[in-house]
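model.pdb, holding PDB, N, CA and C atoms:
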MODEL        1
ATOM      1  N   MET A 981       0.847  -1.172   0.000
ATOM      2  CA  MET A 981       0.000   0.000   0.000
ATOM      3  C   MET A 981       0.897   1.241   0.000
ATOM      4  N   PRO A 982       0.673   2.179  -0.900
ATOM      5  CA  PRO A 982       1.519   3.369  -0.972
ATOM      6  C   PRO A 982       1.477   4.190   0.313
ATOM      7  N   GLU A 983       2.646   4.719   0.688
ATOM      8  CA  GLU A 983       2.736   5.506   1.919
ATOM      9  C   GLU A 983       1.963   6.806   1.843
ATOM     10  N   SER A 984       1.655   7.297   0.665
ATOM     11  CA  SER A 984       0.952   8.564   0.545
ATOM     12  C   SER A 984      -0.570   8.399   0.574
ATOM     13  N   LEU A 985      -1.033   7.188   0.838
ATOM     14  CA  LEU A 985      -2.461   6.921   0.843
ATOM     15  C   LEU A 985      -3.144   7.665   1.979
ATOM     16  N   LYS A 986      -4.303   8.262   1.673
ATOM     17  CA  LYS A 986      -5.067   9.004   2.669
ATOM     18  C   LYS A 986      -6.480   8.446   2.722
ATOM     19  N   PHE A 987      -7.008   8.311   3.936
ATOM     20  CA  PHE A 987      -8.359   7.826   4.152
ATOM     21  C   PHE A 987      -9.159   8.885   4.879
ATOM     22  N   ILE A 988     -10.440   8.984   4.558
ATOM     23  CA  ILE A 988     -11.344   9.877   5.276
ATOM     24  C   ILE A 988     -12.537   9.050   5.727
ATOM     25  N   LEU A 989     -12.877   9.188   6.998
ATOM     26  CA  LEU A 989     -14.040   8.508   7.558
ATOM     27  C   LEU A 989     -14.958   9.567   8.143
ATOM     28  N   LEU A 990     -16.212   9.560   7.739
ATOM     29  CA  LEU A 990     -17.218  10.466   8.301
ATOM     30  C   LEU A 990     -18.324   9.613   8.894
ATOM     31  N   VAL A 991     -18.556   9.787  10.184
ATOM     32  CA  VAL A 991     -19.631   9.084  10.874
ATOM     33  C   VAL A 991     -20.582  10.146  11.411
ATOM     34  N   SER A 992     -21.808  10.105  10.964
ATOM     35  CA  SER A 992     -22.819  11.049  11.432
ATOM     36  C   SER A 992     -24.021  10.238  11.874
ATOM     37  N   GLY A 993     -24.291  10.256  13.163
ATOM     38  CA  GLY A 993     -25.400   9.455  13.670
ATOM     39  C   GLY A 993     -25.410   9.460  15.185
ATOM     40  N   HIS A 994     -26.016   8.446  15.752
ATOM     41  CA  HIS A 994     -26.151   8.369  17.202
ATOM     42  C   HIS A 994     -24.886   7.816  17.839
ATOM     43  N   GLY A 995     -24.546   8.371  18.982
ATOM     44  CA  GLY A 995     -23.417   7.894  19.764
ATOM     45  C   GLY A 995     -23.822   7.788  21.217
ATOM     46  N   GLY A 996     -23.042   7.061  21.966
ATOM     47  CA  GLY A 996     -23.333   6.900  23.383
ATOM     48  C   GLY A 996     -22.179   6.213  24.065
ATOM     49  N   PHE A 997     -22.465   5.595  25.175
ATOM     50  CA  PHE A 997     -21.424   4.864  25.883
ATOM     51  C   PHE A 997     -22.033   3.625  26.519
ATOM     52  N   VAL A 998     -21.183   2.621  26.701
ATOM     53  CA  VAL A 998     -21.591   1.355  27.321
ATOM     54  C   VAL A 998     -20.544   0.983  28.370
ATOM     55  N   LYS A 999     -20.926   0.159  29.298
ATOM     56  CA  LYS A 999     -20.020  -0.265  30.361
ATOM     57  C   LYS A 999     -18.778  -0.925  29.765
ATOM     58  N   ASP A1000     -17.616  -0.490  30.226
ATOM     59  CA  ASP A1000     -16.336  -1.033  29.763
ATOM     60  C   ASP A1000     -16.173  -2.460  30.281
ATOM     61  N   LYS A1001     -15.886  -3.391  29.386
ATOM     62  CA  LYS A1001     -15.766  -4.797  29.781
ATOM     63  C   LYS A1001     -14.327  -5.259  29.963
ATOM     64  N   ASP A1002     -13.354  -4.483  29.437
ATOM     65  CA  ASP A1002     -11.971  -4.950  29.532
ATOM     66  C   ASP A1002     -11.073  -4.076  30.405
ATOM     67  N   GLY A1003     -11.629  -3.055  31.050
ATOM     68  CA  GLY A1003     -10.874  -2.267  32.016
ATOM     69  C   GLY A1003      -9.911  -1.257  31.430
ATOM     70  N   ASP A1004     -10.059  -0.887  30.155
ATOM     71  CA  ASP A1004      -9.113   0.055  29.555
ATOM     72  C   ASP A1004      -9.580   1.512  29.613
ATOM     73  N   GLU A1005     -10.751   1.763  30.145
ATOM     74  CA  GLU A1005     -11.286   3.127  30.191
ATOM     75  C   GLU A1005     -11.235   3.672  31.613
ATOM     76  N   ARG A1006     -10.661   4.874  31.763
ATOM     77  CA  ARG A1006     -10.566   5.492  33.088
ATOM     78  C   ARG A1006     -11.926   5.730  33.726
ATOM     79  N   ASP A1007     -12.910   6.100  32.901
ATOM     80  CA  ASP A1007     -14.236   6.403  33.451
ATOM     81  C   ASP A1007     -15.136   5.176  33.548
ATOM     82  N   GLY A1008     -14.646   4.018  33.096
ATOM     83  CA  GLY A1008     -15.425   2.796  33.189
ATOM     84  C   GLY A1008     -16.411   2.566  32.048
ATOM     85  N   TYR A1009     -16.353   3.443  31.016
ATOM     86  CA  TYR A1009     -17.283   3.321  29.895
ATOM     87  C   TYR A1009     -16.562   3.418  28.564
ATOM     88  N   ASP A1010     -16.973   2.582  27.618
ATOM     89  CA  ASP A1010     -16.506   2.664  26.239
ATOM     90  C   ASP A1010     -17.452   3.582  25.477
ATOM     91  N   GLU A1011     -16.891   4.445  24.628
ATOM     92  CA  GLU A1011     -17.711   5.241  23.733
ATOM     93  C   GLU A1011     -18.190   4.305  22.621
ATOM     94  N   ALA A1012     -19.358   4.605  22.072
ATOM     95  CA  ALA A1012     -19.935   3.714  21.072
ATOM     96  C   ALA A1012     -20.701   4.511  20.025
ATOM     97  N   ILE A1013     -20.745   3.936  18.826
ATOM     98  CA  ILE A1013     -21.624   4.484  17.803
ATOM     99  C   ILE A1013     -22.748   3.471  17.589
ATOM    100  N   TYR A1014     -23.899   3.988  17.227
ATOM    101  CA  TYR A1014     -25.096   3.173  17.079
ATOM    102  C   TYR A1014     -25.470   3.085  15.600
ATOM    103  N   PRO A1015     -25.072   2.012  14.916
ATOM    104  CA  PRO A1015     -25.442   1.871  13.507
ATOM    105  C   PRO A1015     -26.946   1.592  13.376
ATOM    106  N   ALA A1016     -27.458   1.678  12.170
ATOM    107  CA  ALA A1016     -28.891   1.490  11.922
ATOM    108  C   ALA A1016     -29.403   0.144  12.440
ATOM    109  N   ASP A1017     -28.564  -0.883  12.430
ATOM    110  CA  ASP A1017     -29.002  -2.212  12.860
ATOM    111  C   ASP A1017     -28.560  -2.558  14.284
ATOM    112  N   TYR A1018     -28.294  -1.537  15.111
ATOM    113  CA  TYR A1018     -27.752  -1.801  16.446
ATOM    114  C   TYR A1018     -28.676  -2.650  17.321
ATOM    115  N   LYS A1019     -29.996  -2.576  17.101
ATOM    116  CA  LYS A1019     -30.917  -3.377  17.922
ATOM    117  C   LYS A1019     -30.700  -4.872  17.688
ATOM    118  N   ASP A1020     -30.291  -5.239  16.481
ATOM    119  CA  ASP A1020     -30.025  -6.641  16.167
ATOM    120  C   ASP A1020     -28.553  -7.003  16.321
ATOM    121  N   GLN A1021     -27.665  -6.092  15.923
ATOM    122  CA  GLN A1021     -26.234  -6.394  15.867
ATOM    123  C   GLN A1021     -25.417  -5.772  17.002
ATOM    124  N   GLY A1022     -25.999  -4.837  17.745
ATOM    125  CA  GLY A1022     -25.289  -4.184  18.839
ATOM    126  C   GLY A1022     -24.565  -2.929  18.376
ATOM    127  N   VAL A1023     -23.965  -2.249  19.329
ATOM    128  CA  VAL A1023     -23.234  -1.016  19.045
ATOM    129  C   VAL A1023     -21.804  -1.349  18.636
ATOM    130  N   ILE A1024     -21.113  -0.362  18.112
ATOM    131  CA  ILE A1024     -19.701  -0.519  17.747
ATOM    132  C   ILE A1024     -18.913   0.326  18.745
ATOM    133  N   ILE A1025     -18.100  -0.323  19.576
ATOM    134  CA  ILE A1025     -17.387   0.406  20.629
ATOM    135  C   ILE A1025     -16.035   0.910  20.145
ATOM    136  N   ASP A1026     -15.508   1.869  20.901
ATOM    137  CA  ASP A1026     -14.245   2.509  20.542
ATOM    138  C   ASP A1026     -13.079   1.530  20.449
ATOM    139  N   ASP A1027     -13.069   0.498  21.267
ATOM    140  CA  ASP A1027     -11.992  -0.504  21.197
ATOM    141  C   ASP A1027     -11.974  -1.171  19.820
ATOM    142  N   HIS A1028     -13.148  -1.499  19.312
ATOM    143  CA  HIS A1028     -13.261  -2.148  18.006
ATOM    144  C   HIS A1028     -12.858  -1.188  16.886
ATOM    145  N   LEU A1029     -13.314   0.061  16.985
ATOM    146  CA  LEU A1029     -12.940   1.061  15.976
ATOM    147  C   LEU A1029     -11.426   1.260  15.956
ATOM    148  N   HIS A1030     -10.808   1.328  17.134
ATOM    149  CA  HIS A1030      -9.349   1.494  17.223
ATOM    150  C   HIS A1030      -8.643   0.302  16.584
ATOM    151  N   SER A1031      -9.117  -0.891  16.902
ATOM    152  CA  SER A1031      -8.496  -2.103  16.382
ATOM    153  C   SER A1031      -8.531  -2.158  14.857
ATOM    154  N   ILE A1032      -9.655  -1.773  14.275
ATOM    155  CA  ILE A1032      -9.805  -1.846  12.822
ATOM    156  C   ILE A1032      -9.168  -0.662  12.102
ATOM    157  N   LEU A1033      -9.426   0.551  12.594
ATOM    158  CA  LEU A1033      -9.046   1.757  11.849
ATOM    159  C   LEU A1033      -7.672   2.323  12.205
ATOM    160  N   VAL A1034      -7.258   2.207  13.448
ATOM    161  CA  VAL A1034      -6.006   2.836  13.880
ATOM    162  C   VAL A1034      -4.863   1.832  13.928
ATOM    163  N   LYS A1035      -5.071   0.751  14.621
ATOM    164  CA  LYS A1035      -4.004  -0.231  14.816
ATOM    165  C   LYS A1035      -3.499  -0.821  13.503
ATOM    166  N   ASN A1036      -4.382  -0.986  12.533
ATOM    167  CA  ASN A1036      -4.006  -1.588  11.254
ATOM    168  C   ASN A1036      -3.666  -0.576  10.168
ATOM    169  N   LEU A1037      -3.625   0.700  10.509
ATOM    170  CA  LEU A1037      -3.293   1.725   9.523
ATOM    171  C   LEU A1037      -1.817   1.580   9.136
ATOM    172  N   PRO A1038      -1.530   1.389   7.875
ATOM    173  CA  PRO A1038      -0.134   1.223   7.460
ATOM    174  C   PRO A1038       0.706   2.465   7.782
ATOM    175  N   ALA A1039       1.955   2.244   8.105
ATOM    176  CA  ALA A1039       2.877   3.347   8.405
ATOM    177  C   ALA A1039       2.901   4.328   7.242
ATOM    178  N   GLY A1040       2.855   5.607   7.552
ATOM    179  CA  GLY A1040       2.926   6.642   6.533
ATOM    180  C   GLY A1040       1.585   7.035   5.944
ATOM    181  N   CYS A1041       0.552   6.245   6.203
ATOM    182  CA  CYS A1041      -0.787   6.580   5.702
ATOM    183  C   CYS A1041      -1.466   7.526   6.683
ATOM    184  N   ARG A1042      -2.439   8.268   6.184
ATOM    185  CA  ARG A1042      -3.147   9.233   7.024
ATOM    186  C   ARG A1042      -4.634   8.893   7.058
ATOM    187  N   LEU A1043      -5.193   8.949   8.263
ATOM    188  CA  LEU A1043      -6.628   8.771   8.446
ATOM    189  C   LEU A1043      -7.177  10.052   9.065
ATOM    190  N   THR A1044      -8.136  10.658   8.401
ATOM    191  CA  THR A1044      -8.876  11.775   8.965
ATOM    192  C   THR A1044     -10.253  11.245   9.296
ATOM    193  N   ALA A1045     -10.597  11.243  10.586
ATOM    194  CA  ALA A1045     -11.879  10.707  11.023
ATOM    195  C   ALA A1045     -12.703  11.826  11.648
ATOM    196  N   ILE A1046     -13.924  11.956  11.193
ATOM    197  CA  ILE A1046     -14.841  12.973  11.709
ATOM    198  C   ILE A1046     -16.063  12.248  12.244
ATOM    199  N   PHE A1047     -16.318  12.426  13.532
ATOM    200  CA  PHE A1047     -17.472  11.811  14.168
ATOM    201  C   PHE A1047     -18.442  12.917  14.560
ATOM    202  N   ASP A1048     -19.622  12.891  13.993
ATOM    203  CA  ASP A1048     -20.678  13.836  14.309
ATOM    204  C   ASP A1048     -21.735  13.074  15.101
ATOM    205  N   SER A1049     -21.419  12.817  16.357
ATOM    206  CA  SER A1049     -22.324  12.058  17.213
ATOM    207  C   SER A1049     -22.003  12.356  18.673
ATOM    208  N   CYS A1050     -22.945  12.130  19.541
ATOM    209  CA  CYS A1050     -22.726  12.339  20.968
ATOM    210  C   CYS A1050     -21.647  11.389  21.485
ATOM    211  N   HIS A1051     -20.899  11.831  22.467
ATOM    212  CA  HIS A1051     -19.887  11.016  23.156
ATOM    213  C   HIS A1051     -18.820  10.462  22.216
ATOM    214  N   SER A1052     -18.471  11.228  21.190
ATOM    215  CA  SER A1052     -17.540  10.710  20.193
ATOM    216  C   SER A1052     -16.127  11.289  20.324
ATOM    217  N   GLY A1053     -15.879  12.064  21.345
ATOM    218  CA  GLY A1053     -14.578  12.712  21.494
ATOM    219  C   GLY A1053     -13.409  11.753  21.546
ATOM    220  N   THR A1054     -13.612  10.577  22.066
ATOM    221  CA  THR A1054     -12.547   9.575  22.118
ATOM    222  C   THR A1054     -12.982   8.292  21.410
ATOM    223  N   ALA A1055     -13.722   8.445  20.336
ATOM    224  CA  ALA A1055     -14.296   7.296  19.626
ATOM    225  C   ALA A1055     -13.257   6.353  19.039
ATOM    226  N   LEU A1056     -12.043   6.827  18.829
ATOM    227  CA  LEU A1056     -11.000   5.954  18.271
ATOM    228  C   LEU A1056      -9.964   5.548  19.314
ATOM    229  N   ASP A1057     -10.191   5.905  20.572
ATOM    230  CA  ASP A1057      -9.256   5.582  21.655
ATOM    231  C   ASP A1057      -7.831   6.032  21.346
ATOM    232  N   LEU A1058      -7.694   7.257  20.880
ATOM    233  CA  LEU A1058      -6.370   7.805  20.598
ATOM    234  C   LEU A1058      -5.723   8.301  21.895
ATOM    235  N   PRO A1059      -4.401   8.396  21.942
ATOM    236  CA  PRO A1059      -3.739   8.770  23.189
ATOM    237  C   PRO A1059      -3.833  10.258  23.554
ATOM    238  N   TYR A1060      -4.349  11.100  22.647
ATOM    239  CA  TYR A1060      -4.459  12.524  22.936
ATOM    240  C   TYR A1060      -5.868  13.012  22.666
ATOM    241  N   VAL A1061      -6.312  13.968  23.482
ATOM    242  CA  VAL A1061      -7.574  14.659  23.245
ATOM    243  C   VAL A1061      -7.194  16.114  22.992
ATOM    244  N   TYR A1062      -7.636  16.633  21.851
ATOM    245  CA  TYR A1062      -7.304  17.998  21.465
ATOM    246  C   TYR A1062      -8.461  18.944  21.751
ATOM    247  N   SER A1063      -8.126  20.189  22.054
ATOM    248  CA  SER A1063      -9.145  21.216  22.231
ATOM    249  C   SER A1063      -9.592  21.712  20.861
ATOM    250  N   THR A1064     -10.654  22.494  20.851
ATOM    251  CA  THR A1064     -11.117  23.054  19.585
ATOM    252  C   THR A1064     -10.103  24.036  19.013
ATOM    253  N   GLY A1065      -9.172  24.509  19.838
ATOM    254  CA  GLY A1065      -8.124  25.405  19.370
ATOM    255  C   GLY A1065      -6.922  24.668  18.802
ATOM    256  N   GLY A1066      -6.946  23.337  18.842
ATOM    257  CA  GLY A1066      -5.866  22.557  18.259
ATOM    258  C   GLY A1066      -4.722  22.234  19.201
ATOM    259  N   THR A1067      -4.882  22.520  20.485
ATOM    260  CA  THR A1067      -3.841  22.178  21.452
ATOM    261  C   THR A1067      -4.254  20.917  22.215
ATOM    262  N   ILE A1068      -3.250  20.229  22.738
ATOM    263  CA  ILE A1068      -3.541  19.010  23.493
ATOM    264  C   ILE A1068      -4.226  19.396  24.796
ATOM    265  N   LYS A1069      -5.425  18.866  24.986
ATOM    266  CA  LYS A1069      -6.218  19.135  26.177
ATOM    267  C   LYS A1069      -5.976  18.073  27.244
ATOM    268  N   GLU A1070      -5.742  16.850  26.804
ATOM    269  CA  GLU A1070      -5.600  15.740  27.732
ATOM    270  C   GLU A1070      -4.765  14.641  27.085
ATOM    271  N   THR A1071      -3.899  14.040  27.888
ATOM    272  CA  THR A1071      -3.159  12.863  27.443
ATOM    273  C   THR A1071      -3.808  11.667  28.115
ATOM    274  N   ARG A1072      -4.172  10.686  27.320
ATOM    275  CA  ARG A1072      -4.859   9.506  27.836
ATOM    276  C   ARG A1072      -3.916   8.330  27.838
ATOM    277  N   ALA A1073      -3.955   7.573  28.914
ATOM    278  CA  ALA A1073      -3.216   6.311  28.969
ATOM    279  C   ALA A1073      -4.136   5.253  28.384
ATOM    280  N   VAL A1074      -3.968   4.962  27.114
ATOM    281  CA  VAL A1074      -4.830   3.998  26.434
ATOM    282  C   VAL A1074      -4.052   2.709  26.265
ATOM    283  N   ALA A1075      -4.615   1.631  26.752
ATOM    284  CA  ALA A1075      -3.964   0.329  26.613
ATOM    285  C   ALA A1075      -3.814  -0.006  25.133
ATOM    286  N   ASP A1076      -2.614  -0.419  24.767
ATOM    287  CA  ASP A1076      -2.350  -0.878  23.405
ATOM    288  C   ASP A1076      -2.577   0.210  22.354
ATOM    289  N   ALA A1077      -2.310   1.465  22.711
ATOM    290  CA  ALA A1077      -2.556   2.581  21.773
ATOM    291  C   ALA A1077      -1.538   2.642  20.651
ATOM    292  N   ALA A1078      -0.438   2.007  20.807
ATOM    293  CA  ALA A1078       0.607   2.093  19.780
ATOM    294  C   ALA A1078       0.317   1.256  18.572
TER
ENDMDL
END

Show me this structure written as C-alpha cells.
Amino acid sequence: MPESLKFILLVSGHGGFVKDKDGDERDGYDEAIYPADYKDQGVIIDDHLHSILVKNLPAGCRLTAIFDSCHSGTALDLPYVYSTGGTIKETRAVADAA
C-alpha cells in the first residue's frame, strides 16, 4: 500500500457509551456508535474502531476521522484529546494505543 495513501471517515449518527468490559477506560465506559441495525447487531465500541481503523493503519498513511455524534470525542481511543483550538487538552493512557 503506498505511503501517501489518505483515508477519510465520516460518521454522522447516534453515539453513546456502554459499560467497559476490559478495564481500559478510566471512566469505566466505552464510547460507542449506534449503527442502523444496532438493535439486532449491537453497538460498535471505541476498542473495536481502534483495532480496525487505527491499529491496522499502514505506516505513513493518514486517516482523517470525523465523528458527528454524541460522546464521540474519544471514539477511536487515541492517546491525545485535542481542544477546539488545536492544542492538546488531555493525554490519555490507552492500553495498546501504539

- Close residues, range 1056-1058 of chain A itself excluded, 6 Å, all atoms listed in the file, min 2 positions apart in chain, as a PyMOL selection string: chain A and resi 1026+1029-1030+1053-1054+1060-1061

May I have the selected residues written with N, CA and C atoms, as a PDB file, keeping the file's coordinate frame?
ATOM      1  N   ASP A1026     -15.508   1.869  20.901  1.00  0.00           N
ATOM      2  CA  ASP A1026     -14.245   2.509  20.542  1.00  0.00           C
ATOM      3  C   ASP A1026     -13.079   1.530  20.449  1.00  0.00           C
ATOM      4  N   LEU A1029     -13.314   0.061  16.985  1.00  0.00           N
ATOM      5  CA  LEU A1029     -12.940   1.061  15.976  1.00  0.00           C
ATOM      6  C   LEU A1029     -11.426   1.260  15.956  1.00  0.00           C
ATOM      7  N   HIS A1030     -10.808   1.328  17.134  1.00  0.00           N
ATOM      8  CA  HIS A1030      -9.349   1.494  17.223  1.00  0.00           C
ATOM      9  C   HIS A1030      -8.643   0.302  16.584  1.00  0.00           C
ATOM     10  N   GLY A1053     -15.879  12.064  21.345  1.00  0.00           N
ATOM     11  CA  GLY A1053     -14.578  12.712  21.494  1.00  0.00           C
ATOM     12  C   GLY A1053     -13.409  11.753  21.546  1.00  0.00           C
ATOM     13  N   THR A1054     -13.612  10.577  22.066  1.00  0.00           N
ATOM     14  CA  THR A1054     -12.547   9.575  22.118  1.00  0.00           C
ATOM     15  C   THR A1054     -12.982   8.292  21.410  1.00  0.00           C
ATOM     16  N   TYR A1060      -4.349  11.100  22.647  1.00  0.00           N
ATOM     17  CA  TYR A1060      -4.459  12.524  22.936  1.00  0.00           C
ATOM     18  C   TYR A1060      -5.868  13.012  22.666  1.00  0.00           C
ATOM     19  N   VAL A1061      -6.312  13.968  23.482  1.00  0.00           N
ATOM     20  CA  VAL A1061      -7.574  14.659  23.245  1.00  0.00           C
ATOM     21  C   VAL A1061      -7.194  16.114  22.992  1.00  0.00           C
TER      22      VAL A1061
END

- Task: Could you tell me which residues the PyMOL selection byres ((chain A and resi 1043) around 6) returns for this structure, as a list in words?
- Result: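 Selected by the PyMOL selection byres ((chain A and resi 1043) around 6) here: Lys986, Phe987, Ile988, Cys1041, Arg1042, Thr1044 and Ala1045 of chain A.
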
Residues from last step as file, N, CA and C atoms, as a PDB file, in the frame of the given file:
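Generated output (result34.pdb):
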ATOM      1  N   LYS A 986      -4.303   8.262   1.673  1.00  0.00           N
ATOM      2  CA  LYS A 986      -5.067   9.004   2.669  1.00  0.00           C
ATOM      3  C   LYS A 986      -6.480   8.446   2.722  1.00  0.00           C
ATOM      4  N   PHE A 987      -7.008   8.311   3.936  1.00  0.00           N
ATOM      5  CA  PHE A 987      -8.359   7.826   4.152  1.00  0.00           C
ATOM      6  C   PHE A 987      -9.159   8.885   4.879  1.00  0.00           C
ATOM      7  N   ILE A 988     -10.440   8.984   4.558  1.00  0.00           N
ATOM      8  CA  ILE A 988     -11.344   9.877   5.276  1.00  0.00           C
ATOM      9  C   ILE A 988     -12.537   9.050   5.727  1.00  0.00           C
ATOM     10  N   CYS A1041       0.552   6.245   6.203  1.00  0.00           N
ATOM     11  CA  CYS A1041      -0.787   6.580   5.702  1.00  0.00           C
ATOM     12  C   CYS A1041      -1.466   7.526   6.683  1.00  0.00           C
ATOM     13  N   ARG A1042      -2.439   8.268   6.184  1.00  0.00           N
ATOM     14  CA  ARG A1042      -3.147   9.233   7.024  1.00  0.00           C
ATOM     15  C   ARG A1042      -4.634   8.893   7.058  1.00  0.00           C
ATOM     16  N   THR A1044      -8.136  10.658   8.401  1.00  0.00           N
ATOM     17  CA  THR A1044      -8.876  11.775   8.965  1.00  0.00           C
ATOM     18  C   THR A1044     -10.253  11.245   9.296  1.00  0.00           C
ATOM     19  N   ALA A1045     -10.597  11.243  10.586  1.00  0.00           N
ATOM     20  CA  ALA A1045     -11.879  10.707  11.023  1.00  0.00           C
ATOM     21  C   ALA A1045     -12.703  11.826  11.648  1.00  0.00           C
TER      22      ALA A1045
END

- Message: Need the shell around Tyr1062 in chain A: protein/DNA/RNA residues with any atom at most 8 Å away, counting only N, CA and C atoms. Skip same-chain ones fewer than 5 positions apart. Format as a list in words?
- Response: Gly1053, Thr1067, Ile1068, Lys1069, Glu1070 and Thr1071 of chain A

- Query: Got a sec to tell me which of range 1005-1065 of chain A DSSP assigns to alpha helix (DSSP H), as a PyMOL selection string?
  - Reply: chain A and resi 1018-1021+1026-1029

- Could you state which residues are captured by the PyMOL selection byres ((chain A and resi 1009) around 7) in this file, as a ChimeraX atom specification? /A:997-1001,1005-1008,1010-1011

- Message: As an exercise, work out the distance from CA of Pro1015 in chain A to atom C of Gly995 in chain A in Å and give it to one decimal place.
- Response: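 If I compute the distance from CA of Pro1015 in chain A to atom C of Gly995 in chain A, I get 9.9 Å.
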
- Task: Work out how far atom N of Ala1055 in chain A is from atom C of Ile1032 in chain A, in Å to one decimal.
- Result: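 Spanning atom C of Ile1032 in chain A to atom N of Ala1055 in chain A is a straight-line distance of 13.1 Å.
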
Would you place a box with edges along x, y and z of the file around all atoms of range 1033-1048 of chain A listed there, add 4 Å to each of its six sides, and report the centre and edge lengths in Å to one decimal, as lines of an AutoDock Vina configuration file?
center_x = -9.4
center_y = 6.1
center_z = 10.4
size_x = 32.7
size_y = 23.4
size_z = 17.4

Reconstructed range 1027-1033 of chain A, atom set all heavy atoms, as a JSON list (two decimals), in the coordinates of the input:
[["chain", "number", "residue", "atom", "x", "y", "z"],
["A", 1027, "ASP", "N", -13.07, 0.50, 21.27],
["A", 1027, "ASP", "CA", -11.99, -0.50, 21.20],
["A", 1027, "ASP", "C", -11.97, -1.17, 19.82],
["A", 1027, "ASP", "O", -10.91, -1.40, 19.23],
["A", 1027, "ASP", "CB", -12.18, -1.59, 22.26],
["A", 1027, "ASP", "CG", -12.10, -1.07, 23.68],
["A", 1027, "ASP", "OD1", -11.68, 0.09, 23.89],
["A", 1027, "ASP", "OD2", -12.47, -1.83, 24.59],
["A", 1028, "HIS", "N", -13.15, -1.50, 19.31],
["A", 1028, "HIS", "CA", -13.26, -2.15, 18.01],
["A", 1028, "HIS", "C", -12.86, -1.19, 16.89],
["A", 1028, "HIS", "O", -12.12, -1.57, 15.96],
["A", 1028, "HIS", "CB", -14.69, -2.66, 17.81],
["A", 1028, "HIS", "CG", -14.88, -3.55, 16.64],
["A", 1028, "HIS", "ND1", -14.28, -4.78, 16.53],
["A", 1028, "HIS", "CD2", -15.58, -3.39, 15.50],
["A", 1028, "HIS", "CE1", -14.60, -5.34, 15.39],
["A", 1028, "HIS", "NE2", -15.40, -4.51, 14.73],
["A", 1029, "LEU", "N", -13.31, 0.06, 16.98],
["A", 1029, "LEU", "CA", -12.94, 1.06, 15.98],
["A", 1029, "LEU", "C", -11.43, 1.26, 15.96],
["A", 1029, "LEU", "O", -10.81, 1.34, 14.90],
["A", 1029, "LEU", "CB", -13.64, 2.39, 16.26],
["A", 1029, "LEU", "CG", -15.15, 2.39, 16.04],
["A", 1029, "LEU", "CD1", -15.77, 3.66, 16.61],
["A", 1029, "LEU", "CD2", -15.49, 2.24, 14.58],
["A", 1030, "HIS", "N", -10.81, 1.33, 17.13],
["A", 1030, "HIS", "CA", -9.35, 1.49, 17.22],
["A", 1030, "HIS", "C", -8.64, 0.30, 16.58],
["A", 1030, "HIS", "O", -7.70, 0.47, 15.81],
["A", 1030, "HIS", "CB", -8.91, 1.65, 18.68],
["A", 1030, "HIS", "CG", -7.44, 1.80, 18.85],
["A", 1030, "HIS", "ND1", -6.82, 3.02, 18.77],
["A", 1030, "HIS", "CD2", -6.46, 0.90, 19.04],
["A", 1030, "HIS", "CE1", -5.52, 2.86, 18.92],
["A", 1030, "HIS", "NE2", -5.28, 1.58, 19.08],
["A", 1031, "SER", "N", -9.12, -0.89, 16.90],
["A", 1031, "SER", "CA", -8.50, -2.10, 16.38],
["A", 1031, "SER", "C", -8.53, -2.16, 14.86],
["A", 1031, "SER", "O", -7.54, -2.53, 14.22],
["A", 1031, "SER", "CB", -9.21, -3.32, 16.96],
["A", 1031, "SER", "OG", -8.71, -4.50, 16.42],
["A", 1032, "ILE", "N", -9.65, -1.77, 14.28],
["A", 1032, "ILE", "CA", -9.80, -1.85, 12.82],
["A", 1032, "ILE", "C", -9.17, -0.66, 12.10],
["A", 1032, "ILE", "O", -8.46, -0.84, 11.11],
["A", 1032, "ILE", "CB", -11.30, -1.92, 12.45],
["A", 1032, "ILE", "CG1", -11.88, -3.24, 12.90],
["A", 1032, "ILE", "CG2", -11.51, -1.74, 10.95],
["A", 1032, "ILE", "CD1", -13.40, -3.30, 12.78],
["A", 1033, "LEU", "N", -9.43, 0.55, 12.59],
["A", 1033, "LEU", "CA", -9.05, 1.76, 11.85],
["A", 1033, "LEU", "C", -7.67, 2.32, 12.20],
["A", 1033, "LEU", "O", -7.00, 2.89, 11.35],
["A", 1033, "LEU", "CB", -10.09, 2.85, 12.06],
["A", 1033, "LEU", "CG", -11.49, 2.52, 11.56],
["A", 1033, "LEU", "CD1", -12.48, 3.56, 12.04],
["A", 1033, "LEU", "CD2", -11.50, 2.42, 10.04]]
